[in-house]
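start_6.tsv follows; it contains TSV, C-alpha atoms.
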```
chain	number	residue	atom	x	y	z
E	234	MET	CA	5.67	168.83	70.43
E	235	TYR	CA	5.63	169.10	66.63
E	236	VAL	CA	7.71	170.46	63.75
E	237	VAL	CA	6.86	173.56	61.72
E	238	GLY	CA	8.89	173.53	58.53
E	239	ASP	CA	12.32	172.56	59.80
E	240	THR	CA	11.79	174.03	63.28
E	241	PRO	CA	10.99	171.56	66.10
E	242	VAL	CA	8.83	173.04	68.83
E	243	ARG	CA	9.57	172.09	72.44
E	244	VAL	CA	7.37	172.46	75.55
E	245	VAL	CA	9.11	173.97	78.59
E	246	GLN	CA	8.04	174.98	82.08
E	247	GLY	CA	8.01	178.67	82.95
E	248	GLU	CA	6.22	181.52	84.70
E	249	VAL	CA	5.10	183.52	81.65
E	250	PRO	CA	4.30	182.70	78.00
E	251	PHE	CA	6.93	183.25	75.32
E	252	TRP	CA	6.04	186.42	73.43
E	253	ARG	CA	9.19	187.44	71.52
E	254	ASP	CA	12.40	186.20	69.91
E	255	LEU	CA	15.08	185.48	72.50
E	256	ALA	CA	18.56	186.79	71.72
E	257	PRO	CA	21.61	188.12	73.59
E	258	GLY	CA	20.71	191.17	75.66
E	259	ALA	CA	17.15	190.07	76.42
E	260	LYS	CA	16.05	189.99	80.04
E	261	GLY	CA	12.95	188.65	81.72
E	262	LYS	CA	11.09	185.60	82.97
E	263	ASP	CA	10.93	184.13	79.47
E	264	VAL	CA	14.74	184.16	79.37
E	265	ALA	CA	14.75	182.47	82.78
E	266	ALA	CA	12.55	179.67	81.37
E	267	LEU	CA	15.04	179.15	78.55
E	268	GLN	CA	17.90	179.07	81.07
E	269	GLU	CA	16.06	176.47	83.16
E	270	LEU	CA	15.86	174.30	80.04
E	271	LEU	CA	19.57	174.71	79.39
E	272	ILE	CA	20.41	173.95	83.03
E	273	ASP	CA	18.21	170.85	82.96
E	274	GLN	CA	19.94	169.64	79.78
E	275	GLY	CA	23.37	170.13	81.37
E	276	HIS	CA	24.56	172.98	79.15
E	277	LEU	CA	24.40	175.85	81.67
E	278	ASP	CA	25.73	176.08	85.22
E	279	GLY	CA	24.42	178.27	88.03
E	280	GLU	CA	20.94	179.68	88.47
E	281	ALA	CA	18.46	181.09	85.98
E	282	ASP	CA	18.76	184.87	86.43
E	283	GLY	CA	16.73	185.94	83.40
E	284	ASP	CA	19.70	187.72	81.76
E	285	PHE	CA	20.66	186.51	78.26
E	286	GLY	CA	24.43	187.00	78.57
E	287	PRO	CA	27.52	185.29	77.09
E	288	ALA	CA	27.13	182.16	79.27
E	289	THR	CA	23.55	181.69	78.12
E	290	LEU	CA	24.60	182.23	74.49
E	291	ARG	CA	27.28	179.52	74.73
E	292	ALA	CA	24.87	177.14	76.47
E	293	LEU	CA	22.16	177.77	73.87
E	294	ARG	CA	24.52	177.02	70.98
E	295	ALA	CA	25.69	173.85	72.74
E	296	TRP	CA	22.09	172.76	73.17
E	297	GLN	CA	21.26	173.55	69.54
E	298	ARG	CA	24.28	171.50	68.43
E	299	ALA	CA	23.23	168.55	70.64
E	300	GLU	CA	19.69	168.77	69.23
E	301	GLY	CA	20.92	168.84	65.65
E	302	ARG	CA	19.62	172.37	65.16
E	303	GLU	CA	21.30	175.28	63.44
E	304	GLN	CA	23.55	176.99	65.99
E	305	THR	CA	22.04	180.47	65.66
E	306	GLY	CA	22.36	181.47	69.30
E	307	THR	CA	18.79	182.79	69.21
E	308	VAL	CA	15.34	181.28	69.82
E	309	PRO	CA	12.63	182.49	67.41
E	310	LEU	CA	9.14	183.09	68.69
E	311	GLY	CA	7.16	179.83	68.42
E	312	ALA	CA	10.12	177.49	68.92
E	313	LEU	CA	9.31	177.12	72.63
E	314	ILE	CA	5.86	176.69	74.19
E	315	TRP	CA	5.27	177.60	77.83
E	316	VAL	CA	3.25	175.64	80.40
E	317	PRO	CA	3.12	176.44	84.13
E	318	ASP	CA	3.91	172.90	85.33
E	319	LEU	CA	5.56	169.76	84.00
E	320	PRO	CA	4.88	166.92	83.57
E	321	ALA	CA	1.63	167.87	81.84
E	322	VAL	CA	-0.69	166.46	79.20
E	323	VAL	CA	-0.21	168.75	76.18
E	324	GLN	CA	-2.14	168.29	72.96
E	325	LEU	CA	-2.82	170.11	69.72
E	326	GLY	CA	-6.08	171.90	69.08
E	327	GLU	CA	-8.57	170.41	66.64
E	328	ALA	CA	-7.70	173.09	64.04
E	329	ILE	CA	-4.05	172.02	63.87
E	330	VAL	CA	-4.04	169.30	61.23
E	331	VAL	CA	-1.37	168.46	58.65
E	332	GLY	CA	-2.27	170.11	55.34
E	333	LYS	CA	-4.87	172.46	56.81
E	334	THR	CA	-4.55	176.23	56.46
E	335	VAL	CA	-4.91	178.29	59.62
E	336	GLY	CA	-5.84	181.94	59.61
E	337	GLY	CA	-4.70	182.88	63.12
E	338	GLY	CA	-6.50	182.84	66.42
E	339	GLU	CA	-7.10	179.09	66.48
E	340	ASP	CA	-6.42	177.10	69.65
E	341	ALA	CA	-3.06	175.62	68.71
E	342	VAL	CA	-1.74	173.99	71.89
E	343	LEU	CA	-3.89	172.94	74.83
E	344	ALA	CA	-2.36	172.36	78.25
E	345	PRO	CA	-3.61	172.35	81.84
E	346	THR	CA	-3.65	175.78	83.49
E	347	GLY	CA	-3.50	174.36	87.02
E	348	ALA	CA	-7.16	175.11	87.73
E	349	ARG	CA	-9.53	172.15	87.88
E	350	GLU	CA	-13.19	172.15	86.97
E	351	PHE	CA	-15.46	169.58	88.59
E	352	VAL	CA	-18.74	168.80	86.82
E	353	LEU	CA	-21.49	166.22	87.16
E	354	VAL	CA	-23.18	165.22	83.90
E	355	VAL	CA	-26.59	163.53	84.15
E	356	THR	CA	-29.64	162.92	81.97
E	357	GLN	CA	-32.63	165.24	82.11
E	358	ASP	CA	-34.64	162.66	84.05
E	359	GLN	CA	-31.84	162.37	86.62
E	360	ALA	CA	-31.49	166.15	86.82
E	361	ARG	CA	-35.14	166.50	87.84
E	362	LEU	CA	-34.43	164.37	90.93
E	363	ILE	CA	-31.48	166.49	92.10
E	364	PRO	CA	-32.45	169.59	94.11
E	365	ALA	CA	-30.24	172.68	94.06
E	366	GLU	CA	-29.32	172.15	97.72
E	367	ALA	CA	-28.10	168.58	97.18
E	368	THR	CA	-24.48	167.74	97.93
E	369	VAL	CA	-22.19	165.47	95.94
E	370	GLU	CA	-19.68	163.14	97.60
E	371	ILE	CA	-16.64	162.53	95.36
E	372	THR	CA	-14.06	159.83	96.07
E	373	TYR	CA	-10.67	159.00	94.57
E	374	GLU	CA	-8.14	156.49	95.94
E	375	GLY	CA	-9.06	156.88	99.59
E	376	HIS	CA	-9.78	160.62	99.37
E	377	THR	CA	-13.32	161.91	99.86
E	378	TRP	CA	-14.48	165.43	99.03
E	379	ASP	CA	-17.85	167.10	99.55
E	380	ALA	CA	-19.14	169.33	96.77
E	381	VAL	CA	-22.14	171.58	96.26
E	382	ILE	CA	-23.92	172.62	93.07
E	383	ALA	CA	-22.86	176.08	91.89
E	384	GLY	CA	-24.75	176.13	88.58
E	385	SER	CA	-26.16	174.01	85.78
E	386	GLU	CA	-26.34	173.99	82.00
E	387	LEU	CA	-28.39	171.98	79.48
E	388	ASP	CA	-26.46	170.89	76.40
E	389	GLU	CA	-27.69	170.18	72.86
E	390	PHE	CA	-27.85	166.46	73.53
E	391	GLY	CA	-30.29	166.81	76.42
E	392	SER	CA	-27.79	166.19	79.22
E	393	THR	CA	-27.49	168.50	82.20
E	394	THR	CA	-24.07	169.54	83.45
E	395	PHE	CA	-23.87	170.63	87.09
E	396	GLU	CA	-20.91	172.81	88.03
E	397	LEU	CA	-19.47	171.71	91.40
E	398	THR	CA	-17.43	173.59	93.97
E	399	ALA	CA	-16.34	172.98	97.55
E	400	PRO	CA	-18.84	174.21	100.18
E	401	ASP	CA	-16.63	177.31	100.68
E	402	GLY	CA	-16.64	178.05	96.94
E	403	GLY	CA	-13.10	176.79	96.26
E	404	GLU	CA	-11.84	173.79	94.31
E	405	VAL	CA	-13.53	170.54	95.28
E	406	CYS	CA	-10.23	168.74	95.91
E	407	GLY	CA	-8.89	171.54	98.15
E	408	GLU	CA	-5.31	171.01	99.28
E	409	ALA	CA	-5.30	167.39	98.03
E	410	CYS	CA	-5.55	168.20	94.30
E	411	GLY	CA	-2.03	166.87	93.80
E	412	VAL	CA	-3.27	163.28	94.17
E	413	LEU	CA	-5.28	163.53	90.95
E	414	PRO	CA	-3.62	162.39	87.70
E	415	ASN	CA	-2.39	165.18	85.45
E	416	ASP	CA	-4.72	164.20	82.60
E	417	ALA	CA	-6.93	166.47	80.54
E	418	GLN	CA	-10.02	164.70	81.88
E	419	VAL	CA	-10.47	162.32	84.80
E	420	THR	CA	-13.62	160.38	85.71
E	421	LEU	CA	-14.23	160.18	89.46
E	422	ARG	CA	-16.77	158.23	91.49
E	423	SER	CA	-19.54	160.50	92.77
E	424	GLU	CA	-22.64	160.04	94.86
E	425	VAL	CA	-25.44	162.60	95.01
E	426	VAL	CA	-26.74	163.07	98.54
E	427	ILE	CA	-30.36	164.18	98.23
E	428	VAL	CA	-31.10	163.99	101.95
E	429	PRO	CA	-28.13	164.48	104.30
E	430	GLN	CA	-27.68	162.09	107.22
E	431	VAL	CA	-28.28	163.61	110.64
E	432	GLU	CA	-27.42	162.27	114.06
E	433	GLY	CA	-28.64	163.18	117.52
E	434	THR	CA	-31.01	162.24	120.30
E	435	THR	CA	-34.33	160.86	119.07
E	436	VAL	CA	-37.78	161.31	120.56
E	437	PRO	CA	-41.29	160.62	119.32
E	438	ALA	CA	-42.20	163.42	116.91
E	439	ALA	CA	-45.36	164.02	118.96
E	440	ALA	CA	-43.17	165.15	121.88
E	441	VAL	CA	-41.96	168.22	119.98
E	442	ALA	CA	-44.01	171.41	120.25
E	443	THR	CA	-43.57	174.78	118.55
E	444	ARG	CA	-43.98	178.23	120.06
E	445	ALA	CA	-45.49	181.23	118.29
E	446	ASP	CA	-42.01	182.56	117.47
E	447	GLY	CA	-41.13	179.33	115.64
E	448	THR	CA	-38.80	177.84	118.28
E	449	ALA	CA	-39.22	174.18	119.19
E	450	TYR	CA	-39.32	172.68	122.68
E	451	VAL	CA	-40.09	169.51	124.58
E	452	VAL	CA	-41.66	169.12	128.01
E	453	THR	CA	-39.48	167.20	130.50
E	454	ASP	CA	-39.74	166.41	134.20
E	455	SER	CA	-37.94	169.74	134.77
E	456	GLY	CA	-40.19	171.78	132.49
E	457	GLU	CA	-39.84	173.08	128.94
E	458	VAL	CA	-36.49	172.61	127.20
E	459	GLU	CA	-35.76	174.44	123.95
E	460	VAL	CA	-34.43	172.13	121.21
E	461	THR	CA	-33.40	172.24	117.57
E	462	VAL	CA	-34.93	169.71	115.18
E	463	ALA	CA	-32.11	168.31	113.01
E	464	GLY	CA	-34.37	165.90	111.12
E	465	SER	CA	-37.54	163.87	111.31
E	466	GLY	CA	-39.31	160.95	109.69
E	467	GLN	CA	-41.50	157.95	110.38
E	468	GLY	CA	-42.80	159.46	113.61
E	469	VAL	CA	-39.36	160.16	115.06
E	470	ALA	CA	-37.60	163.51	115.50
E	471	VAL	CA	-33.82	163.94	115.80
E	472	LEU	CA	-33.03	166.73	118.25
E	473	GLU	CA	-30.15	168.87	119.41
E	474	GLY	CA	-30.25	170.31	122.90
E	475	ILE	CA	-31.42	167.31	124.89
E	476	GLU	CA	-29.49	164.42	126.39
E	477	PRO	CA	-30.33	160.72	125.90
E	478	GLY	CA	-32.34	159.35	128.81
E	479	THR	CA	-34.26	162.57	129.45
E	480	ARG	CA	-37.97	161.88	130.01
E	481	VAL	CA	-40.17	163.89	127.62
E	482	GLN	CA	-43.94	164.46	127.53
E	483	VAL	CA	-45.65	163.10	124.41
E	484	LEU	CA	-48.26	165.68	123.49
E	485	ASP	CA	-50.73	163.43	121.67
E	486	GLY	CA	-52.35	162.15	124.82
E	487	THR	CA	-50.04	159.22	125.53
E	488	PRO	CA	-49.83	159.07	129.35
E	489	GLY	CA	-46.58	159.75	131.18
E	490	PRO	CA	-43.22	161.15	130.05
E	491	GLN	CA	-41.11	158.84	127.86
E	492	PRO	CA	-37.28	158.65	127.81
E	493	ALA	CA	-35.41	160.19	124.89
E	494	GLN	CA	-33.28	157.69	123.02
E	495	ALA	CA	-29.71	157.73	121.80
E	496	PRO	CA	-28.97	156.56	118.24
E	497	GLY	CA	-29.46	152.80	117.99
E	498	ASP	CA	-31.73	152.56	121.06
E	499	GLY	CA	-34.82	151.58	119.10
E	500	ALA	CA	-35.12	154.61	116.81
E	501	GLU	CA	-33.23	155.78	113.76
E	502	ALA	CA	-30.94	158.76	114.26
E	503	THR	CA	-30.94	159.66	110.57
E	504	GLY	CA	-33.82	161.81	109.43
E	505	ASN	CA	-35.22	162.08	105.91
E	506	GLY	CA	-36.77	165.54	106.24
```
Using structure tokens, write down the structure from this file.
Amino acid sequence: MYVVGDTPVRVVQGEVPFWRDLAPGAKGKDVAALQELLIDQGHLDGEADGDFGPATLRALRAWQRAEGREQTGTVPLGALIWVPDLPAVVQLGEAIVVGKTVGGGEDAVLAPTGAREFVLVVTQDQARLIPAEATVEITYEGHTWDAVIAGSELDEFGSTTFELTAPDGGEVCGEACGVLPNDAQVTLRSEVVIVPQVEGTTVPAAAVATRADGTAYVVTDSGEVEVTVAGSGQGVAVLEGIEPGTRVQVLDGTPGPQPAQAPGDGAEATGNG
């Protein structure tokens, strides 16, 4: 990753961060990460058991010799950096610059944690057109994910950042996150759906009546039939609870029941309400 003094720093995969010097007698998951490195480099046989014994000591010295390092048989804290998964995009923090003095606490090494954050960044004018209940359709190489807005934030430049999650509150990409490139930032195609598309049987909006309790119904040749209005617009209502071909009574005075229509039979099945 970089060199501090004469000590090269290597990134390795492990389960826990390195927090101490590693020497014979040490035990733990950090030792296991070191052993995995030695196994991968062909210096240690068997499995990583997390026990820094004689075999690990010999393998470590062999690795140090192959790397051109001093064969100390120990690994000082800071010589290895842990990340949960490899390959990964690892980069230095902005405070780590040749010749600059650091006081401690700066972000030194940045690497993916495995969690992904999906955001939509728009101008203020665009943000005013996006209601809180809008959904966002995200696509990447044949994969499509639906997202909802979980929160928003206005930055100093006047842009609004919407935080996105899956409808169930999880990661937007769900079980398909592995298809995304392992980069620090990826730009994906997104489409904001202001009004969701609805499908169903369509009738003239004037055929739909509402009872005192708020339920909707239509009058058919067989009497009143309770329905659910999925959407409406341009004089047409999209209903659930009624089959195409059912004759309904238009309540605005038009004589005679009229047949309900299936999508494409002369009326749009997508509402804008």
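Excluding E:Ala312 and any residue on its chain fewer than 5 positions from it, the residues at most 9 Å away by only C-alpha atoms are Val237, Thr240, Pro241, Val242, Arg243 and Val244 of chain E.
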Quiz item: Which residue, E:Val369, E:Val245, E:Val264, E:Ala256, has the smallest gap to E:Ala344 when you use all atoms listed in the file?
Solution: E:Val245
Practice problem: Tell me, as a list of chain:residue names, which residues lie within 7 Å of E:Gly306, counting all atoms listed in the file; anything in the same chain fewer than 4 positions away does not count. | Solution: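 Using all atoms listed in the file, the neighbours found are E:Ala256, E:Leu290, E:Leu293, E:Arg294.
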Quiz item: So how far away is atom CA of E:Arg253 from atom CA of E:Pro345, in Å?
Solution: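 That distance, rounded to one decimal, is 22.3 Å.
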Quiz item: Interatomic distance between atom CA of E:Ser455 and atom CA of E:Thr443?
Solution: 17.9 Å
